[in-house]
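One file, structure-v5.cif, carrying mmCIF, N, CA and C atoms:
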```
data_input
loop_
_atom_site.label_atom_id
_atom_site.label_comp_id
_atom_site.auth_asym_id
_atom_site.auth_seq_id
_atom_site.Cartn_x
_atom_site.Cartn_y
_atom_site.Cartn_z
N MET A 1 -23.87 -40.84 -84.47
CA MET A 1 -23.17 -41.01 -85.72
C MET A 1 -22.10 -42.10 -85.55
N LYS A 2 -21.99 -42.98 -86.52
CA LYS A 2 -21.01 -44.06 -86.47
C LYS A 2 -19.65 -43.55 -86.88
N LYS A 3 -18.61 -44.17 -86.30
CA LYS A 3 -17.24 -43.83 -86.66
C LYS A 3 -17.05 -44.06 -88.16
N GLY A 4 -16.38 -43.12 -88.81
CA GLY A 4 -16.12 -43.24 -90.23
C GLY A 4 -17.24 -42.77 -91.13
N ASP A 5 -18.30 -42.21 -90.54
CA ASP A 5 -19.43 -41.73 -91.34
C ASP A 5 -19.25 -40.25 -91.66
N ALA A 6 -18.22 -39.97 -92.45
CA ALA A 6 -17.87 -38.58 -92.75
C ALA A 6 -18.94 -37.86 -93.55
N SER A 7 -19.72 -38.59 -94.34
CA SER A 7 -20.73 -37.93 -95.17
C SER A 7 -21.79 -37.24 -94.31
N LYS A 8 -22.13 -37.81 -93.16
CA LYS A 8 -23.11 -37.17 -92.28
C LYS A 8 -22.47 -36.06 -91.46
N ARG A 9 -21.22 -36.24 -91.09
CA ARG A 9 -20.54 -35.25 -90.28
C ARG A 9 -20.29 -33.97 -91.07
N TRP A 10 -20.01 -34.09 -92.36
CA TRP A 10 -19.69 -32.92 -93.18
C TRP A 10 -20.79 -32.71 -94.21
N SER A 11 -21.81 -32.01 -93.84
CA SER A 11 -22.87 -31.68 -94.79
C SER A 11 -22.38 -30.54 -95.67
N GLY A 12 -23.14 -30.19 -96.68
CA GLY A 12 -22.73 -29.20 -97.67
C GLY A 12 -22.10 -27.93 -97.14
N GLN A 13 -22.72 -27.27 -96.20
CA GLN A 13 -22.17 -26.01 -95.71
C GLN A 13 -20.95 -26.20 -94.84
N ASP A 14 -20.83 -27.31 -94.17
CA ASP A 14 -19.69 -27.55 -93.30
C ASP A 14 -18.38 -27.73 -94.07
N TRP A 15 -18.44 -28.06 -95.35
CA TRP A 15 -17.22 -28.28 -96.12
C TRP A 15 -16.37 -27.02 -96.18
N SER A 16 -16.96 -25.83 -96.17
CA SER A 16 -16.17 -24.59 -96.19
C SER A 16 -15.31 -24.50 -94.94
N GLU A 17 -15.88 -24.85 -93.81
CA GLU A 17 -15.12 -24.84 -92.56
C GLU A 17 -14.04 -25.91 -92.57
N PHE A 18 -14.35 -27.06 -93.14
CA PHE A 18 -13.40 -28.16 -93.26
C PHE A 18 -12.16 -27.70 -94.05
N LEU A 19 -12.37 -26.93 -95.11
CA LEU A 19 -11.26 -26.47 -95.95
C LEU A 19 -10.28 -25.57 -95.22
N LEU A 20 -10.72 -24.91 -94.18
CA LEU A 20 -9.83 -24.02 -93.43
C LEU A 20 -8.62 -24.77 -92.87
N ASP A 21 -8.79 -26.04 -92.55
CA ASP A 21 -7.67 -26.83 -92.03
C ASP A 21 -6.64 -27.15 -93.09
N PHE A 22 -7.01 -27.07 -94.35
CA PHE A 22 -6.11 -27.40 -95.45
C PHE A 22 -5.55 -26.17 -96.16
N GLU A 23 -6.14 -25.03 -95.92
CA GLU A 23 -5.79 -23.83 -96.67
C GLU A 23 -4.42 -23.29 -96.26
N VAL A 24 -3.63 -22.91 -97.26
CA VAL A 24 -2.33 -22.27 -97.04
C VAL A 24 -2.55 -20.78 -97.24
N PRO A 25 -2.17 -19.95 -96.26
CA PRO A 25 -2.39 -18.51 -96.42
C PRO A 25 -1.64 -17.95 -97.64
N THR A 26 -2.39 -17.49 -98.62
CA THR A 26 -1.81 -16.89 -99.82
C THR A 26 -2.63 -15.67 -100.19
N TYR A 27 -2.23 -15.01 -101.24
CA TYR A 27 -2.94 -13.81 -101.65
C TYR A 27 -4.34 -14.10 -102.19
N ASN A 28 -4.58 -15.31 -102.68
CA ASN A 28 -5.90 -15.58 -103.25
C ASN A 28 -6.62 -16.78 -102.63
N SER A 29 -6.05 -17.38 -101.60
CA SER A 29 -6.68 -18.50 -100.87
C SER A 29 -7.10 -19.65 -101.77
N ARG A 30 -6.31 -19.99 -102.74
CA ARG A 30 -6.60 -21.13 -103.63
C ARG A 30 -5.52 -22.20 -103.54
N VAL A 31 -4.74 -22.17 -102.46
CA VAL A 31 -3.68 -23.16 -102.26
C VAL A 31 -4.03 -23.97 -101.02
N PHE A 32 -4.04 -25.30 -101.19
CA PHE A 32 -4.40 -26.20 -100.10
C PHE A 32 -3.31 -27.26 -99.96
N ALA A 33 -2.99 -27.62 -98.73
CA ALA A 33 -1.97 -28.63 -98.45
C ALA A 33 -2.62 -29.83 -97.78
N ILE A 34 -2.29 -31.01 -98.26
CA ILE A 34 -2.93 -32.21 -97.73
C ILE A 34 -2.35 -32.65 -96.40
N GLY A 35 -1.04 -32.64 -96.26
CA GLY A 35 -0.51 -33.24 -95.04
C GLY A 35 0.66 -32.56 -94.37
N CYS A 36 0.87 -31.30 -94.61
CA CYS A 36 2.04 -30.63 -94.03
C CYS A 36 2.06 -30.67 -92.50
N PHE A 37 0.92 -30.57 -91.89
CA PHE A 37 0.85 -30.53 -90.44
C PHE A 37 0.08 -31.72 -89.89
N ALA A 38 0.05 -32.79 -90.65
CA ALA A 38 -0.75 -33.96 -90.28
C ALA A 38 -0.14 -34.72 -89.11
N ARG A 39 -0.99 -35.23 -88.29
CA ARG A 39 -0.55 -36.03 -87.14
C ARG A 39 -0.18 -37.44 -87.58
N TYR A 40 -0.93 -38.01 -88.49
CA TYR A 40 -0.67 -39.36 -88.97
C TYR A 40 -0.18 -39.30 -90.41
N VAL A 41 0.84 -40.09 -90.73
CA VAL A 41 1.39 -40.05 -92.09
C VAL A 41 1.40 -41.43 -92.75
N THR A 42 0.47 -42.28 -92.37
CA THR A 42 0.37 -43.57 -93.04
C THR A 42 -0.16 -43.35 -94.46
N LEU A 43 0.05 -44.32 -95.31
CA LEU A 43 -0.49 -44.22 -96.67
C LEU A 43 -2.01 -44.07 -96.61
N TYR A 44 -2.63 -44.84 -95.74
CA TYR A 44 -4.09 -44.77 -95.59
C TYR A 44 -4.54 -43.37 -95.18
N SER A 45 -3.89 -42.79 -94.17
CA SER A 45 -4.30 -41.46 -93.71
C SER A 45 -4.07 -40.40 -94.78
N GLN A 46 -2.99 -40.55 -95.55
CA GLN A 46 -2.75 -39.62 -96.65
C GLN A 46 -3.86 -39.71 -97.70
N GLN A 47 -4.27 -40.93 -98.01
CA GLN A 47 -5.33 -41.12 -99.00
C GLN A 47 -6.66 -40.57 -98.50
N VAL A 48 -6.96 -40.80 -97.24
CA VAL A 48 -8.21 -40.29 -96.67
C VAL A 48 -8.22 -38.77 -96.70
N ARG A 49 -7.12 -38.13 -96.30
CA ARG A 49 -7.06 -36.66 -96.34
C ARG A 49 -7.21 -36.15 -97.77
N ALA A 50 -6.58 -36.83 -98.72
CA ALA A 50 -6.67 -36.41 -100.12
C ALA A 50 -8.11 -36.51 -100.63
N LEU A 51 -8.77 -37.61 -100.35
CA LEU A 51 -10.16 -37.79 -100.79
C LEU A 51 -11.08 -36.77 -100.13
N ASN A 52 -10.88 -36.52 -98.85
CA ASN A 52 -11.70 -35.52 -98.15
C ASN A 52 -11.47 -34.12 -98.71
N LEU A 53 -10.22 -33.79 -99.02
CA LEU A 53 -9.94 -32.47 -99.58
C LEU A 53 -10.63 -32.29 -100.93
N ILE A 54 -10.52 -33.27 -101.80
CA ILE A 54 -11.17 -33.17 -103.11
C ILE A 54 -12.68 -33.08 -102.95
N ARG A 55 -13.24 -33.86 -102.06
CA ARG A 55 -14.69 -33.80 -101.80
C ARG A 55 -15.10 -32.40 -101.36
N ALA A 56 -14.32 -31.81 -100.47
CA ALA A 56 -14.62 -30.47 -99.98
C ALA A 56 -14.48 -29.42 -101.08
N LEU A 57 -13.44 -29.55 -101.90
CA LEU A 57 -13.25 -28.59 -102.99
C LEU A 57 -14.38 -28.67 -104.00
N LEU A 58 -14.87 -29.86 -104.27
CA LEU A 58 -16.01 -30.03 -105.19
C LEU A 58 -17.29 -29.50 -104.56
N ALA A 59 -17.51 -29.81 -103.29
CA ALA A 59 -18.75 -29.40 -102.61
C ALA A 59 -18.87 -27.89 -102.48
N THR A 60 -17.74 -27.21 -102.40
CA THR A 60 -17.75 -25.74 -102.26
C THR A 60 -17.51 -25.04 -103.60
N ALA A 61 -17.45 -25.80 -104.68
CA ALA A 61 -17.26 -25.28 -106.04
C ALA A 61 -15.93 -24.55 -106.22
N VAL A 62 -14.94 -24.87 -105.41
CA VAL A 62 -13.59 -24.34 -105.63
C VAL A 62 -13.02 -24.98 -106.89
N ILE A 63 -13.34 -26.26 -107.10
CA ILE A 63 -13.03 -26.94 -108.35
C ILE A 63 -14.33 -27.52 -108.90
N ALA A 64 -14.35 -27.79 -110.20
CA ALA A 64 -15.56 -28.32 -110.83
C ALA A 64 -15.18 -29.04 -112.12
N ARG A 65 -16.10 -29.83 -112.62
CA ARG A 65 -15.92 -30.53 -113.90
C ARG A 65 -15.48 -29.53 -114.97
N GLY A 66 -14.43 -29.89 -115.71
CA GLY A 66 -13.95 -29.05 -116.79
C GLY A 66 -12.98 -27.95 -116.37
N LYS A 67 -12.83 -27.72 -115.07
CA LYS A 67 -11.88 -26.71 -114.58
C LYS A 67 -10.51 -27.35 -114.39
N LYS A 68 -9.49 -26.50 -114.22
CA LYS A 68 -8.12 -26.99 -114.07
C LYS A 68 -7.72 -27.07 -112.60
N LEU A 69 -6.90 -28.09 -112.29
CA LEU A 69 -6.36 -28.28 -110.95
C LEU A 69 -4.91 -28.72 -111.08
N ALA A 70 -4.02 -28.07 -110.37
CA ALA A 70 -2.62 -28.48 -110.31
C ALA A 70 -2.39 -29.19 -108.98
N VAL A 71 -1.80 -30.37 -109.05
CA VAL A 71 -1.43 -31.12 -107.85
C VAL A 71 0.09 -31.17 -107.81
N ILE A 72 0.65 -30.67 -106.71
CA ILE A 72 2.10 -30.65 -106.56
C ILE A 72 2.49 -31.86 -105.71
N GLY A 73 3.22 -32.77 -106.32
CA GLY A 73 3.67 -33.96 -105.62
C GLY A 73 2.97 -35.21 -106.11
N ALA A 74 3.77 -36.20 -106.52
CA ALA A 74 3.23 -37.45 -107.05
C ALA A 74 3.46 -38.59 -106.08
N GLY A 75 3.26 -38.30 -104.80
CA GLY A 75 3.28 -39.34 -103.77
C GLY A 75 1.88 -39.89 -103.58
N ALA A 76 1.68 -40.60 -102.50
CA ALA A 76 0.39 -41.26 -102.25
C ALA A 76 -0.76 -40.27 -102.18
N SER A 77 -0.60 -39.20 -101.44
CA SER A 77 -1.71 -38.25 -101.30
C SER A 77 -1.93 -37.45 -102.58
N GLY A 78 -0.87 -37.03 -103.24
CA GLY A 78 -1.02 -36.27 -104.47
C GLY A 78 -1.69 -37.07 -105.57
N LEU A 79 -1.27 -38.32 -105.74
CA LEU A 79 -1.88 -39.16 -106.77
C LEU A 79 -3.32 -39.52 -106.44
N THR A 80 -3.61 -39.72 -105.16
CA THR A 80 -4.98 -40.00 -104.75
C THR A 80 -5.87 -38.80 -105.04
N ALA A 81 -5.39 -37.61 -104.69
CA ALA A 81 -6.16 -36.39 -104.95
C ALA A 81 -6.37 -36.20 -106.45
N ALA A 82 -5.31 -36.41 -107.22
CA ALA A 82 -5.41 -36.24 -108.67
C ALA A 82 -6.42 -37.22 -109.27
N ALA A 83 -6.37 -38.46 -108.85
CA ALA A 83 -7.30 -39.47 -109.37
C ALA A 83 -8.74 -39.14 -108.98
N ALA A 84 -8.95 -38.74 -107.74
CA ALA A 84 -10.30 -38.42 -107.28
C ALA A 84 -10.88 -37.24 -108.05
N ALA A 85 -10.07 -36.23 -108.31
CA ALA A 85 -10.54 -35.07 -109.07
C ALA A 85 -10.79 -35.44 -110.53
N ALA A 86 -9.89 -36.23 -111.11
CA ALA A 86 -10.05 -36.62 -112.51
C ALA A 86 -11.32 -37.43 -112.73
N VAL A 87 -11.65 -38.30 -111.79
CA VAL A 87 -12.88 -39.09 -111.89
C VAL A 87 -14.10 -38.19 -111.94
N LYS A 88 -14.02 -37.03 -111.31
CA LYS A 88 -15.14 -36.08 -111.29
C LYS A 88 -15.08 -35.10 -112.47
N GLY A 89 -14.17 -35.34 -113.42
CA GLY A 89 -14.12 -34.52 -114.63
C GLY A 89 -13.27 -33.27 -114.54
N VAL A 90 -12.48 -33.15 -113.48
CA VAL A 90 -11.58 -32.01 -113.34
C VAL A 90 -10.34 -32.28 -114.19
N ASN A 91 -9.83 -31.28 -114.89
CA ASN A 91 -8.62 -31.41 -115.69
C ASN A 91 -7.41 -31.25 -114.77
N VAL A 92 -6.73 -32.35 -114.49
CA VAL A 92 -5.67 -32.38 -113.48
C VAL A 92 -4.30 -32.44 -114.13
N THR A 93 -3.38 -31.64 -113.61
CA THR A 93 -1.96 -31.71 -113.97
C THR A 93 -1.20 -32.02 -112.69
N VAL A 94 -0.40 -33.10 -112.71
CA VAL A 94 0.41 -33.47 -111.56
C VAL A 94 1.84 -33.05 -111.84
N MET A 95 2.44 -32.35 -110.89
CA MET A 95 3.83 -31.91 -111.01
C MET A 95 4.65 -32.56 -109.90
N GLU A 96 5.80 -33.11 -110.26
CA GLU A 96 6.65 -33.81 -109.30
C GLU A 96 8.09 -33.36 -109.48
N GLU A 97 8.75 -33.08 -108.38
CA GLU A 97 10.14 -32.64 -108.41
C GLU A 97 11.09 -33.77 -108.80
N LEU A 98 10.81 -34.98 -108.34
CA LEU A 98 11.67 -36.11 -108.63
C LEU A 98 11.37 -36.67 -110.01
N GLU A 99 12.12 -37.69 -110.40
CA GLU A 99 12.04 -38.21 -111.76
C GLU A 99 10.71 -38.86 -112.13
N GLY A 100 10.11 -39.58 -111.20
CA GLY A 100 8.88 -40.30 -111.53
C GLY A 100 7.87 -40.26 -110.40
N ILE A 101 6.72 -40.88 -110.64
CA ILE A 101 5.69 -40.92 -109.61
C ILE A 101 6.09 -41.95 -108.54
N LEU A 102 5.69 -41.69 -107.31
CA LEU A 102 6.02 -42.54 -106.16
C LEU A 102 7.51 -42.87 -106.14
N GLU A 103 8.33 -41.91 -106.48
CA GLU A 103 9.77 -42.12 -106.63
C GLU A 103 10.42 -42.67 -105.36
N ILE A 104 10.04 -42.16 -104.22
CA ILE A 104 10.65 -42.62 -102.96
C ILE A 104 10.32 -44.09 -102.72
N GLN A 105 9.11 -44.47 -103.00
CA GLN A 105 8.68 -45.84 -102.76
C GLN A 105 9.06 -46.81 -103.88
N GLN A 106 9.33 -46.29 -105.05
CA GLN A 106 9.48 -47.11 -106.25
C GLN A 106 10.56 -48.19 -106.13
N ASN A 107 11.70 -47.87 -105.59
CA ASN A 107 12.79 -48.84 -105.53
C ASN A 107 12.90 -49.54 -104.18
N ASN A 108 11.95 -49.35 -103.32
CA ASN A 108 11.98 -49.99 -102.01
C ASN A 108 11.54 -51.44 -102.14
N ARG A 109 12.33 -52.35 -101.63
CA ARG A 109 12.00 -53.78 -101.70
C ARG A 109 11.56 -54.33 -100.34
N GLN A 110 11.48 -53.47 -99.33
CA GLN A 110 11.14 -53.93 -97.98
C GLN A 110 9.66 -53.82 -97.68
N ARG A 111 8.96 -52.92 -98.35
CA ARG A 111 7.55 -52.69 -98.03
C ARG A 111 6.73 -52.57 -99.30
N TRP A 112 5.49 -52.99 -99.21
CA TRP A 112 4.53 -52.84 -100.29
C TRP A 112 3.77 -51.54 -100.09
N ILE A 113 3.35 -50.93 -101.17
CA ILE A 113 2.47 -49.77 -101.05
C ILE A 113 1.06 -50.31 -100.87
N HIS A 114 0.52 -50.06 -99.72
CA HIS A 114 -0.79 -50.59 -99.36
C HIS A 114 -1.41 -49.65 -98.34
N PRO A 115 -2.68 -49.32 -98.45
CA PRO A 115 -3.28 -48.35 -97.54
C PRO A 115 -3.32 -48.80 -96.08
N HIS A 116 -3.18 -50.08 -95.82
CA HIS A 116 -3.24 -50.54 -94.43
C HIS A 116 -1.89 -50.94 -93.86
N ILE A 117 -0.81 -50.59 -94.52
CA ILE A 117 0.52 -50.72 -93.92
C ILE A 117 0.74 -49.43 -93.16
N PHE A 118 0.96 -49.53 -91.87
CA PHE A 118 0.89 -48.35 -91.03
C PHE A 118 2.20 -47.60 -90.82
N ASP A 119 3.30 -48.09 -91.28
CA ASP A 119 4.56 -47.36 -91.11
C ASP A 119 5.22 -47.19 -92.47
N TRP A 120 5.58 -45.97 -92.75
CA TRP A 120 6.32 -45.70 -93.99
C TRP A 120 7.35 -44.65 -93.69
N PRO A 121 8.45 -44.78 -94.33
CA PRO A 121 9.82 -44.74 -93.81
C PRO A 121 10.01 -44.12 -92.48
#
```
Serialized structure, structure tokens:
Amino acid sequence: MKKGDASKRWSGQDWSEFLLDFEVPTYNSRVFAIGCFARYVTLYSQQVRALNLIRALLATAVIARGKKLAVIGAGASGLTAAAAAAVKGVNVTVMEELEGILEIQQNNRQRWIHPHIFDWP
């Protein structure tokens, strides 16, 4: 298998196991965290984790077209997850504690938001 070939590595049934790494222990097991314990926190890695999580949630029918999904946080990973789910027809609501989306990055004049910039704050 070639590096980066996630589609072959995670076949349909394997997505349930994949979700275990994202699941937050709750009473109903419907809460998932993208990067709380992540080793890498680049914008790119956040986006990859977000896309993989949404793919896994769709593949295991945890979310589906026409169903509701709440995304907490309007940073890079939250917005990526929200966009990926919305493209698949999921009704997404994004909730953010701060005033606007990408609030931390919004007023920064030193760095561009780009998936291949490897250091963020």
Subject >> Pick from A:Arg49, A:Leu57, A:Gly35, A:Asn91, whichever lies nearest to Trp15 in chain A using all atoms listed in the file >> reply: A:Leu57
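For the pair atom N of Arg39 in chain A and CA of Ile104 in chain A, the interatomic distance is 20.1 Å.
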Subject >> Resolved residues for the PyMOL selection byres (((chain A and resi 69 and name CA) around 7) and name CA) as a ChimeraX atom specification >> reply: /A:67-68,70-71,90-93
**OP:** Find, counting all atoms listed in the file, the residue in A:Ala74, A:Leu79, A:Leu51, A:Ala86 that gets nearest to Leu98 in chain A.
**Re:**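 Under the stated criterion, the closest residue is A:Ala74.
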**OP:** Just list the residues in range 69-98 of chain A DSSP gives strand (DSSP E or B) on the backbone, as a VMD selection string.
**Re:** chain A and resid 69 to 72 91 to 95
Write the residues of the selection above to a file with N, CA and C atoms, as a PDB file, in the frame of the given file.
```pdb
ATOM      1  N   LEU A  69      -6.900 -28.090-112.290  1.00  0.00           N
ATOM      2  CA  LEU A  69      -6.360 -28.280-110.950  1.00  0.00           C
ATOM      3  C   LEU A  69      -4.910 -28.720-111.080  1.00  0.00           C
ATOM      4  N   ALA A  70      -4.020 -28.070-110.370  1.00  0.00           N
ATOM      5  CA  ALA A  70      -2.620 -28.480-110.310  1.00  0.00           C
ATOM      6  C   ALA A  70      -2.390 -29.190-108.980  1.00  0.00           C
ATOM      7  N   VAL A  71      -1.800 -30.370-109.050  1.00  0.00           N
ATOM      8  CA  VAL A  71      -1.430 -31.120-107.850  1.00  0.00           C
ATOM      9  C   VAL A  71       0.090 -31.170-107.810  1.00  0.00           C
ATOM     10  N   ILE A  72       0.650 -30.670-106.710  1.00  0.00           N
ATOM     11  CA  ILE A  72       2.100 -30.650-106.560  1.00  0.00           C
ATOM     12  C   ILE A  72       2.490 -31.860-105.710  1.00  0.00           C
ATOM     13  N   ASN A  91      -9.830 -31.280-114.890  1.00  0.00           N
ATOM     14  CA  ASN A  91      -8.620 -31.410-115.690  1.00  0.00           C
ATOM     15  C   ASN A  91      -7.410 -31.250-114.770  1.00  0.00           C
ATOM     16  N   VAL A  92      -6.730 -32.350-114.490  1.00  0.00           N
ATOM     17  CA  VAL A  92      -5.670 -32.380-113.480  1.00  0.00           C
ATOM     18  C   VAL A  92      -4.300 -32.440-114.130  1.00  0.00           C
ATOM     19  N   THR A  93      -3.380 -31.640-113.610  1.00  0.00           N
ATOM     20  CA  THR A  93      -1.960 -31.710-113.970  1.00  0.00           C
ATOM     21  C   THR A  93      -1.200 -32.020-112.690  1.00  0.00           C
ATOM     22  N   VAL A  94      -0.400 -33.100-112.710  1.00  0.00           N
ATOM     23  CA  VAL A  94       0.410 -33.470-111.560  1.00  0.00           C
ATOM     24  C   VAL A  94       1.840 -33.050-111.840  1.00  0.00           C
ATOM     25  N   MET A  95       2.440 -32.350-110.890  1.00  0.00           N
ATOM     26  CA  MET A  95       3.830 -31.910-111.010  1.00  0.00           C
ATOM     27  C   MET A  95       4.650 -32.560-109.900  1.00  0.00           C
TER      28      MET A  95
END
```
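Note that CA of Ile63 in chain A and CA of Ile34 in chain A are 15.6 Å apart.
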Subject >> Output of the PyMOL selection byres (((chain A and resi 54 and name CA) around 12) and name CA), listed as a PyMOL selection string >> reply: chain A and resi 15+18-19+22+32-34+47-53+55-64+69+71+77-90+92
**OP:** Go ahead and compute the interatomic distance for CA of Ile101 in chain A and CA of Gly75 in chain A, in Å to one decimal.
**Re:** 6.5 Å
**OP:** Mind the document's chain letters and residue numbers, and return as a ChimeraX atom specification the residues of range 47-94 of chain A that DSSP labels helix (DSSP H, G or I).
**Re:** /A:47-59,76-87
